[in-house]
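To be precise, the following lines are data-v3.txt, and they hold compact mmCIF, C-alpha atoms.
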```
# COMPACT_ATOMS: atom_id res chain seq x y z
CA MET X 99 -6.97 25.47 -72.03
CA SER X 100 -5.14 22.44 -73.34
CA GLU X 101 -6.87 19.19 -74.00
CA SER X 102 -6.98 16.64 -71.17
CA THR X 103 -3.85 14.53 -70.91
CA PRO X 104 -4.15 10.78 -71.52
CA GLY X 105 -5.51 8.99 -68.46
CA SER X 106 -7.06 12.05 -66.86
CA SER X 107 -10.57 10.70 -67.34
CA GLU X 108 -9.59 7.45 -65.67
CA LEU X 109 -8.03 9.37 -62.77
CA ALA X 110 -11.18 11.45 -62.41
CA ALA X 111 -13.29 8.28 -62.33
CA VAL X 112 -11.10 6.67 -59.66
CA THR X 113 -11.15 9.86 -57.59
CA GLY X 114 -14.92 10.13 -57.89
CA ASP X 115 -15.37 6.51 -56.85
CA PHE X 116 -13.11 7.02 -53.84
CA MET X 117 -15.01 10.12 -52.77
CA ARG X 118 -18.29 8.22 -53.10
CA ARG X 119 -16.96 5.41 -50.95
CA MET X 120 -15.69 7.88 -48.37
CA SER X 121 -19.02 9.68 -48.24
CA GLN X 122 -20.88 6.41 -47.73
CA GLY X 123 -18.38 5.26 -45.11
CA LEU X 124 -18.57 8.49 -43.12
CA ALA X 125 -22.36 8.36 -43.25
CA ALA X 126 -22.32 4.78 -41.92
CA LEU X 127 -19.98 5.77 -39.10
CA ALA X 128 -22.09 8.78 -38.22
CA ASN X 129 -25.26 6.68 -38.03
CA ALA X 130 -23.72 3.81 -36.10
CA GLY X 131 -24.98 3.30 -32.57
CA GLU X 132 -23.05 2.24 -29.49
CA VAL X 133 -21.49 -1.22 -29.80
CA THR X 134 -21.53 -3.85 -27.08
CA ILE X 135 -18.30 -5.44 -25.94
CA GLY X 136 -17.73 -8.76 -24.26
CA CYS X 137 -19.76 -11.81 -25.20
CA SER X 138 -19.20 -14.26 -22.35
CA ALA X 139 -21.21 -14.13 -19.13
CA LYS X 140 -19.13 -13.43 -16.04
CA ASP X 141 -19.54 -12.55 -12.38
CA ALA X 142 -17.52 -10.20 -10.18
CA VAL X 143 -16.29 -12.42 -7.34
CA PHE X 144 -13.66 -10.30 -5.59
CA SER X 145 -12.53 -6.68 -5.50
CA GLU X 146 -9.85 -4.58 -3.87
CA ASP X 147 -9.55 -0.85 -4.43
CA LYS X 148 -10.14 -0.43 -8.18
CA VAL X 149 -9.21 -4.03 -9.01
CA THR X 150 -12.02 -6.48 -9.84
CA LEU X 151 -11.69 -10.23 -10.24
CA TYR X 152 -14.19 -11.90 -12.57
CA ARG X 153 -15.09 -15.52 -13.03
CA TYR X 154 -16.56 -16.53 -16.38
CA ARG X 155 -19.52 -18.85 -16.34
CA PRO X 156 -18.53 -22.28 -17.66
CA SER X 157 -19.81 -23.58 -20.96
CA GLU X 158 -22.63 -26.07 -20.49
CA VAL X 159 -21.78 -28.00 -23.65
CA VAL X 160 -18.49 -29.41 -22.32
CA ALA X 161 -18.65 -32.90 -20.87
CA PRO X 162 -17.32 -33.11 -17.29
CA GLU X 163 -14.56 -35.53 -18.25
CA LEU X 164 -13.20 -33.03 -20.80
CA ARG X 165 -12.93 -30.12 -18.39
CA VAL X 166 -9.60 -28.76 -17.18
CA ARG X 167 -10.05 -29.05 -13.44
CA THR X 168 -7.39 -26.55 -12.36
CA PRO X 169 -8.66 -22.98 -12.93
CA VAL X 170 -6.83 -20.39 -15.01
CA LEU X 171 -6.33 -16.82 -13.82
CA VAL X 172 -5.72 -14.29 -16.61
CA CYS X 173 -3.42 -11.40 -15.71
CA TYR X 174 -3.80 -8.79 -18.44
CA ALA X 175 -1.69 -5.69 -19.08
CA LEU X 176 -2.30 -2.39 -17.34
CA VAL X 177 -2.16 -0.24 -20.47
CA ASN X 178 -5.34 -1.47 -22.20
CA ARG X 179 -8.66 -2.98 -21.21
CA PRO X 180 -8.91 -6.79 -20.91
CA TYR X 181 -12.13 -7.13 -22.92
CA MET X 182 -9.90 -7.52 -25.99
CA MET X 183 -9.78 -11.19 -24.96
CA ASP X 184 -13.58 -11.43 -25.14
CA LEU X 185 -14.40 -8.86 -27.80
CA GLN X 186 -17.32 -10.58 -29.55
CA THR X 187 -18.73 -14.05 -30.13
CA ASP X 188 -16.47 -14.98 -33.04
CA ARG X 189 -13.45 -13.09 -31.68
CA SER X 190 -12.97 -14.29 -28.14
CA LEU X 191 -10.01 -16.20 -26.76
CA ILE X 192 -11.85 -16.55 -23.45
CA ARG X 193 -14.94 -17.98 -25.13
CA GLY X 194 -12.68 -20.45 -26.91
CA LEU X 195 -11.17 -21.55 -23.61
CA LEU X 196 -14.60 -21.92 -22.00
CA GLN X 197 -15.77 -24.06 -24.92
CA ARG X 198 -12.79 -26.33 -24.30
CA GLY X 199 -13.60 -26.84 -20.64
CA VAL X 200 -11.28 -24.31 -19.01
CA ASP X 201 -12.41 -22.56 -15.81
CA VAL X 202 -11.43 -18.91 -16.43
CA TYR X 203 -10.90 -16.02 -14.02
CA LEU X 204 -9.70 -12.59 -15.14
CA ILE X 205 -8.23 -9.55 -13.37
CA ASP X 206 -9.62 -6.17 -14.39
CA TRP X 207 -7.22 -3.49 -13.12
CA GLY X 208 -9.80 -0.72 -13.50
CA TYR X 209 -9.11 2.96 -14.15
CA PRO X 210 -6.49 4.52 -11.84
CA ASP X 211 -7.12 8.09 -10.76
CA GLY X 212 -5.22 10.69 -8.76
CA ALA X 213 -5.52 8.67 -5.57
CA ASP X 214 -3.48 5.89 -7.19
CA ARG X 215 -0.46 7.87 -8.39
CA TYR X 216 1.82 6.25 -5.78
CA LEU X 217 0.83 2.66 -6.50
CA ALA X 218 4.07 0.84 -7.24
CA LEU X 219 5.29 -2.40 -8.78
CA GLU X 220 5.25 -3.89 -5.30
CA ASP X 221 1.51 -3.17 -4.95
CA TYR X 222 0.66 -4.98 -8.18
CA VAL X 223 3.00 -7.98 -7.86
CA THR X 224 2.99 -8.62 -4.11
CA ARG X 225 -0.49 -7.37 -3.15
CA TYR X 226 -3.17 -7.25 -5.86
CA LEU X 227 -2.00 -10.24 -7.89
CA PRO X 228 -1.38 -12.50 -4.86
CA HIS X 229 -4.76 -11.60 -3.38
CA CYS X 230 -6.48 -12.59 -6.62
CA VAL X 231 -4.49 -15.82 -6.84
CA ASP X 232 -5.29 -16.67 -3.23
CA PHE X 233 -9.01 -16.02 -3.78
CA VAL X 234 -9.05 -18.45 -6.71
CA ARG X 235 -7.06 -21.01 -4.72
CA ARG X 236 -9.36 -20.71 -1.74
CA THR X 237 -12.69 -20.83 -3.58
CA SER X 238 -11.66 -23.54 -6.05
CA GLY X 239 -10.09 -25.79 -3.45
CA HIS X 240 -6.81 -26.01 -5.40
CA GLU X 241 -3.53 -25.36 -3.61
CA GLN X 242 -2.01 -24.45 -6.97
CA ILE X 243 -3.68 -22.76 -9.94
CA ASN X 244 -2.75 -21.92 -13.53
CA LEU X 245 -1.68 -18.36 -14.37
CA LEU X 246 -1.94 -16.86 -17.87
CA GLY X 247 -0.04 -13.58 -18.21
CA VAL X 248 -0.65 -11.37 -21.25
CA CYS X 249 1.81 -8.75 -22.55
CA GLN X 250 2.82 -6.51 -19.61
CA GLY X 251 0.63 -8.75 -17.46
CA GLY X 252 2.90 -11.62 -18.51
CA THR X 253 5.94 -9.73 -17.26
CA MET X 254 4.23 -9.19 -13.91
CA SER X 255 3.21 -12.86 -13.88
CA LEU X 256 6.83 -13.91 -14.31
CA CYS X 257 7.77 -11.78 -11.32
CA TYR X 258 4.95 -13.30 -9.28
CA ALA X 259 5.87 -16.85 -10.32
CA ALA X 260 9.48 -16.27 -9.28
CA LEU X 261 8.44 -14.94 -5.87
CA TYR X 262 5.57 -17.38 -5.16
CA PRO X 263 6.31 -20.53 -7.22
CA GLN X 264 4.59 -22.86 -4.75
CA ARG X 265 1.17 -21.33 -5.57
CA LEU X 266 1.21 -22.10 -9.29
CA ARG X 267 0.74 -25.39 -11.10
CA ASN X 268 1.37 -24.11 -14.63
CA LEU X 269 2.38 -20.76 -16.11
CA ILE X 270 1.49 -19.44 -19.57
CA THR X 271 3.01 -16.27 -20.98
CA MET X 272 1.48 -14.69 -24.07
CA VAL X 273 3.18 -11.96 -26.17
CA THR X 274 5.23 -11.22 -23.05
CA PRO X 275 8.34 -9.00 -23.10
CA VAL X 276 11.31 -10.42 -21.19
CA ASP X 277 14.40 -8.96 -22.87
CA PHE X 278 13.67 -5.28 -23.49
CA HIS X 279 16.99 -4.54 -25.20
CA THR X 280 16.67 -6.46 -28.43
CA PRO X 281 17.29 -4.43 -31.63
CA GLU X 282 13.65 -4.76 -32.76
CA ASN X 283 12.20 -3.32 -29.54
CA LEU X 284 10.64 -0.02 -30.61
CA LEU X 285 9.43 0.93 -27.12
CA THR X 286 12.94 0.74 -25.73
CA LYS X 287 14.24 3.00 -28.47
CA TRP X 288 11.53 5.52 -27.64
CA SER X 289 12.10 5.32 -23.89
CA ARG X 290 15.77 6.30 -24.18
CA HIS X 291 14.66 9.83 -24.98
CA VAL X 292 12.17 10.12 -22.11
CA ASP X 293 12.99 11.54 -18.66
CA VAL X 294 10.41 9.40 -16.90
CA ASP X 295 11.18 10.85 -13.46
CA ALA X 296 10.44 14.37 -14.69
CA LEU X 297 7.36 13.18 -16.57
CA VAL X 298 5.77 11.53 -13.53
CA ALA X 299 6.77 14.40 -11.25
CA ALA X 300 4.99 16.80 -13.58
CA THR X 301 1.87 14.78 -14.41
CA GLY X 302 1.29 12.38 -11.49
CA ASN X 303 -0.48 9.64 -13.40
CA VAL X 304 0.50 9.17 -17.04
CA SER X 305 -2.25 9.87 -19.56
CA GLY X 306 -3.66 6.78 -21.25
CA GLU X 307 -4.60 8.92 -24.23
CA ALA X 308 -0.97 10.05 -24.64
CA LEU X 309 0.32 6.48 -24.37
CA ASN X 310 -2.18 5.32 -26.95
CA ALA X 311 -0.95 8.01 -29.33
CA LEU X 312 2.57 6.72 -28.74
CA PHE X 313 1.64 3.11 -29.58
CA VAL X 314 -0.13 4.23 -32.76
CA SER X 315 2.88 6.31 -33.77
CA LEU X 316 5.11 3.23 -33.77
CA MET X 317 3.21 1.91 -36.83
CA PRO X 318 1.42 5.05 -38.08
CA PHE X 319 0.31 3.93 -41.53
CA ARG X 320 -0.98 0.50 -40.52
CA LEU X 321 -2.69 1.72 -37.35
CA ASN X 322 -4.09 4.96 -38.74
CA SER X 323 -4.58 5.56 -42.46
CA GLN X 324 -4.63 2.00 -43.78
CA LYS X 325 -7.38 0.72 -41.53
CA TYR X 326 -9.77 3.47 -42.63
CA VAL X 327 -9.02 2.87 -46.30
CA ASP X 328 -9.68 -0.84 -45.78
CA LEU X 329 -12.95 -0.06 -44.00
CA LEU X 330 -14.21 2.05 -46.91
CA HIS X 331 -13.69 -0.85 -49.30
CA GLN X 332 -15.40 -3.36 -47.01
CA LEU X 333 -18.44 -1.17 -46.33
CA ASN X 334 -19.46 -1.37 -50.00
CA ASP X 335 -20.38 -5.04 -49.61
CA ALA X 336 -24.04 -4.86 -48.59
CA LYS X 337 -24.03 -8.44 -47.29
CA THR X 338 -21.28 -7.83 -44.73
CA SER X 339 -21.19 -4.07 -44.21
CA GLY X 340 -23.21 -4.16 -40.97
CA ALA X 341 -21.03 -6.76 -39.30
CA THR X 342 -17.89 -5.13 -40.68
CA LEU X 343 -18.84 -1.78 -39.17
CA GLU X 344 -19.64 -3.31 -35.78
CA ASN X 345 -16.33 -5.19 -35.76
CA PHE X 346 -14.46 -2.02 -36.68
CA LEU X 347 -16.18 0.03 -33.98
CA ARG X 348 -15.45 -2.57 -31.30
CA MET X 349 -11.77 -2.46 -32.19
CA GLU X 350 -11.79 1.34 -32.20
CA LYS X 351 -13.47 1.40 -28.80
CA TRP X 352 -10.81 -0.88 -27.36
CA ILE X 353 -7.90 0.98 -28.97
CA PHE X 354 -8.98 4.32 -27.54
CA ASP X 355 -10.16 2.96 -24.17
CA SER X 356 -6.75 3.40 -22.54
CA PRO X 357 -6.68 3.86 -18.75
CA ASP X 358 -4.32 6.35 -17.20
CA GLN X 359 -1.29 4.68 -15.64
CA ALA X 360 -0.49 4.97 -11.94
CA GLY X 361 2.51 7.31 -11.95
CA GLU X 362 4.91 5.38 -9.72
CA MET X 363 4.13 2.03 -11.33
CA PHE X 364 4.73 3.53 -14.77
CA ARG X 365 8.00 5.11 -13.63
CA GLN X 366 9.28 1.87 -12.14
CA PHE X 367 8.23 -0.31 -15.06
CA LEU X 368 9.81 1.99 -17.65
CA THR X 369 12.99 2.38 -15.58
CA LEU X 370 13.57 -1.12 -14.20
CA PHE X 371 12.27 -3.23 -17.10
CA VAL X 372 12.44 -1.15 -20.28
CA LYS X 373 15.49 1.03 -19.67
CA GLN X 374 17.58 -1.10 -17.31
CA ASN X 375 16.43 -4.60 -18.42
CA ARG X 376 16.67 -5.89 -14.87
CA LEU X 377 14.28 -8.83 -15.28
CA LYS X 378 16.44 -10.35 -17.97
CA ASP X 379 19.71 -9.47 -16.21
CA GLY X 380 18.61 -10.94 -12.88
CA THR X 381 19.04 -7.72 -10.89
CA LEU X 382 15.37 -6.91 -10.23
CA THR X 383 14.08 -6.69 -6.66
CA ILE X 384 10.46 -6.14 -5.57
CA GLY X 385 9.60 -5.36 -1.96
CA GLY X 386 13.16 -6.14 -0.94
CA ARG X 387 13.08 -9.61 -2.55
CA LYS X 388 15.16 -10.63 -5.55
CA VAL X 389 13.18 -11.76 -8.58
CA ASP X 390 15.07 -14.87 -9.71
CA LEU X 391 13.50 -16.43 -12.79
CA LYS X 392 15.36 -19.67 -12.01
CA GLN X 393 12.83 -20.15 -9.20
CA ILE X 394 10.16 -20.75 -11.86
CA GLY X 395 10.18 -24.53 -11.92
CA MET X 396 6.57 -25.22 -12.92
CA PRO X 397 5.63 -26.16 -16.52
CA LEU X 398 5.73 -23.08 -18.73
CA LEU X 399 4.17 -22.35 -22.14
CA ASN X 400 5.49 -19.25 -23.91
CA ILE X 401 3.34 -17.97 -26.80
CA TYR X 402 4.59 -15.21 -29.09
CA ALA X 403 3.55 -13.66 -32.41
CA THR X 404 5.91 -13.55 -35.37
CA GLN X 405 4.68 -10.16 -36.66
CA ASP X 406 4.35 -8.46 -33.29
CA HIS X 407 5.59 -4.84 -33.52
CA LEU X 408 5.09 -4.12 -29.79
CA VAL X 409 6.58 -7.31 -28.31
CA PRO X 410 8.85 -8.74 -31.01
CA PRO X 411 9.65 -12.47 -30.79
CA SER X 412 13.25 -11.61 -29.92
CA SER X 413 11.94 -10.06 -26.68
CA SER X 414 10.00 -13.20 -25.67
CA LYS X 415 12.24 -16.05 -26.81
CA PRO X 416 15.07 -15.53 -24.27
CA LEU X 417 12.74 -16.71 -21.50
CA GLU X 418 13.68 -20.32 -22.25
CA GLN X 419 17.25 -19.79 -21.02
CA LEU X 420 16.23 -17.76 -17.97
CA THR X 421 13.80 -19.99 -16.05
CA GLY X 422 14.31 -23.16 -14.06
CA SER X 423 11.44 -25.00 -15.74
CA ARG X 424 12.22 -28.49 -17.03
CA ASP X 425 8.89 -28.57 -18.88
CA TYR X 426 9.21 -25.57 -21.18
CA SER X 427 7.17 -25.25 -24.37
CA THR X 428 6.84 -22.52 -27.00
CA HIS X 429 4.15 -21.76 -29.53
CA GLU X 430 4.73 -19.47 -32.49
CA PHE X 431 1.64 -17.69 -33.81
CA ARG X 432 1.96 -16.35 -37.35
CA GLY X 433 0.36 -12.97 -36.82
CA GLY X 434 0.57 -9.73 -34.89
CA HIS X 435 0.05 -8.38 -31.39
CA ILE X 436 -3.67 -7.81 -31.95
CA GLY X 437 -4.26 -10.69 -34.35
CA ILE X 438 -3.33 -13.20 -31.69
CA TYR X 439 -6.59 -12.27 -29.91
CA VAL X 440 -9.04 -11.57 -32.72
CA SER X 441 -7.98 -13.13 -36.03
CA GLY X 442 -9.86 -16.10 -37.43
CA THR X 443 -6.76 -18.28 -37.25
CA ALA X 444 -6.18 -17.35 -33.62
CA GLN X 445 -9.73 -18.33 -32.63
CA ARG X 446 -8.96 -21.93 -33.51
CA GLU X 447 -5.26 -22.15 -32.84
CA ILE X 448 -4.66 -20.38 -29.52
CA PRO X 449 -7.50 -21.84 -27.38
CA ASP X 450 -6.71 -25.31 -28.74
CA LYS X 451 -3.06 -24.96 -27.84
CA ILE X 452 -3.66 -23.57 -24.34
CA ALA X 453 -6.45 -26.00 -23.39
CA GLY X 454 -4.59 -29.00 -24.80
CA TRP X 455 -1.36 -28.07 -23.04
CA LEU X 456 -3.17 -27.58 -19.73
CA ARG X 457 -5.17 -30.78 -20.07
CA GLU X 458 -1.96 -32.79 -20.49
CA ARG X 459 -0.71 -31.33 -17.19
CA ASP X 460 -3.96 -31.24 -15.24
CA GLN X 461 -3.83 -32.79 -11.83
CA SER X 462 -5.60 -36.10 -11.26
```

Take the structure I supplied and represent it as structure tokens, if you would.
Amino acid sequence: MSESTPGSSELAAVTGDFMRRMSQGLAALANAGEVTIGCSAKDAVFSEDKVTLYRYRPSEVVAPELRVRTPVLVCYALVNRPYMMDLQTDRSLIRGLLQRGVDVYLIDWGYPDGADRYLALEDYVTRYLPHCVDFVRRTSGHEQINLLGVCQGGTMSLCYAALYPQRLRNLITMVTPVDFHTPENLLTKWSRHVDVDALVAATGNVSGEALNALFVSLMPFRLNSQKYVDLLHQLNDAKTSGATLENFLRMEKWIFDSPDQAGEMFRQFLTLFVKQNRLKDGTLTIGGRKVDLKQIGMPLLNIYATQDHLVPPSSSKPLEQLTGSRDYSTHEFRGGHIGIYVSGTAQREIPDKIAGWLRERDQS
């Protein structure tokens, strides 16, 4: 056999070190217990079918004069679980809002099953969402409340605000798609090759597991291989390895906790919004009523993320030209679709922006 080529010993050392790290990382993952999710105390205050409305218990450290008196209802997306907004103590947008005196309610859409396959856009926008809004209005004593729509939940919130503008004082949209036909929109490119009618006819509800695999495939290296390589490096720091592993497992739990989608709602959303772009074009109707974004006259704050691969800024920015609001604000977060909830920068920046904006517009 020939002598070793130059650098082979160094390569062997690097390979051996990597294998050691991998072995230690796999052992840590294997020995890890179940992680807890959600850090802020909350109470279930209303339910309908599989939908549950929660109210978070207010922070006791906020002086009464600093509280935002008008409550905020969070309308999250259907495709993932809303505990991403309250993942852990140091990664919680909701905790940040509570600490700034905001009264927070949140809609949990639950886990649709076979009995829900015919739930439609009309059920979500003109039944479930209005019933939650009306509960908050009734119990808080406010004729108008604040609505915070997140991602797909933001799109539904825009539809609601256009149909029921008199019930809202302020509207906040966060990483919300509005124009689905911008060049950077990866989901639209994917959807052009999908016969959604045939898919729903064959499957009934649409598998959450399959949708999750789709979202991961849009950024395969970053969302698959890279995160595990990064974890192996971080686990070698004895001082932070425990917390690092818990943080990683919480994120993994959320990523793979994807509810199935009610078949008819999925079919309508993919067809009317993603494929046909009817919200942006002004041709959308729900329950026989036209969804006219010009009817949205309340103050509106639109928050988007500059590195968002699921809802690119070009999909959110057109909202400014589409609504009738004379008090329209934007906030650009320098991060991604997930970072806007859990990054260190987001924990300071986003709650401050939302609470400050609301406080300026709070009713006397």

List the spatial neighbours of Lys378 in chain X as a ChimeraX atom specification - criterion: any atom at most 9 Å away, all atoms listed in the file, same-chain residues fewer than 6 positions off excluded.
/X:276-278,371,391,416-417,420

May I have the selected residues written with C-alpha atoms, as an mmCIF file, in the frame of the given file?
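The resulting out-v1.cif:
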```
data_model
loop_
_atom_site.group_PDB
_atom_site.id
_atom_site.type_symbol
_atom_site.label_atom_id
_atom_site.label_comp_id
_atom_site.auth_asym_id
_atom_site.auth_seq_id
_atom_site.Cartn_x
_atom_site.Cartn_y
_atom_site.Cartn_z
ATOM 1 C CA VAL X 276 11.310 -10.420 -21.190
ATOM 2 C CA ASP X 277 14.400 -8.960 -22.870
ATOM 3 C CA PHE X 278 13.670 -5.280 -23.490
ATOM 4 C CA PHE X 371 12.270 -3.230 -17.100
ATOM 5 C CA LEU X 391 13.500 -16.430 -12.790
ATOM 6 C CA PRO X 416 15.070 -15.530 -24.270
ATOM 7 C CA LEU X 417 12.740 -16.710 -21.500
ATOM 8 C CA LEU X 420 16.230 -17.760 -17.970
#
```

Nearest to Leu456 in chain X: which of X:Leu256, X:Val172, X:Leu347, X:Leu245 is it, counting all atoms listed in the file?
X:Leu245

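With all atoms listed in the file as the basis for measurement, X:Arg265 is the residue among X:Lys388, X:Arg265, X:His407, X:Arg290 that approaches His229 in chain X most closely.
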
Counting all atoms listed in the file, find the residues whose atoms lie at most 12 Å from (12.6, -12.9, -10.4) (file coordinates) and write them out as a ChimeraX atom specification.
/X:223,253-263,276,371,376-395,417,420-422

Go ahead and find all residues with at least one atom no further than 7 Å from (8.7, -13.3, -22.7) in the file's coordinates, using only C-alpha atoms; report them as an MDAnalysis selection string.
chainID X and resid 271 273:276 400 413:417

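Using all atoms listed in the file, the shortest contact distance between Gln242 in chain X and any of X:Leu297, X:Cys137, X:Leu309, X:Leu171 is found at X:Leu171.
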
Check the smallest atom-to-atom distance from each of X:Thr404, X:Val177, X:Leu217, X:Leu204 to Ser305 in chain X using only C-alpha atoms, then report the winner.
X:Val177

What gap, in Å, lies between CA of Asp460 in chain X and CA of Gln419 in chain X?
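Atom-to-atom, CA of Asp460 in chain X to CA of Gln419 in chain X, that is 24.8 Å.
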
Could you tell me how far CA of Gly361 in chain X sits from CA of Thr301 in chain X, in Å to one decimal place?
7.9 Å

Restricting the calculation to all atoms listed in the file, which member of X:Thr237, X:Asn268, X:Thr280, X:Gln197 is positioned closest to Val372 in chain X?
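Among the listed residues, X:Thr280 lies closest to Val372 in chain X.
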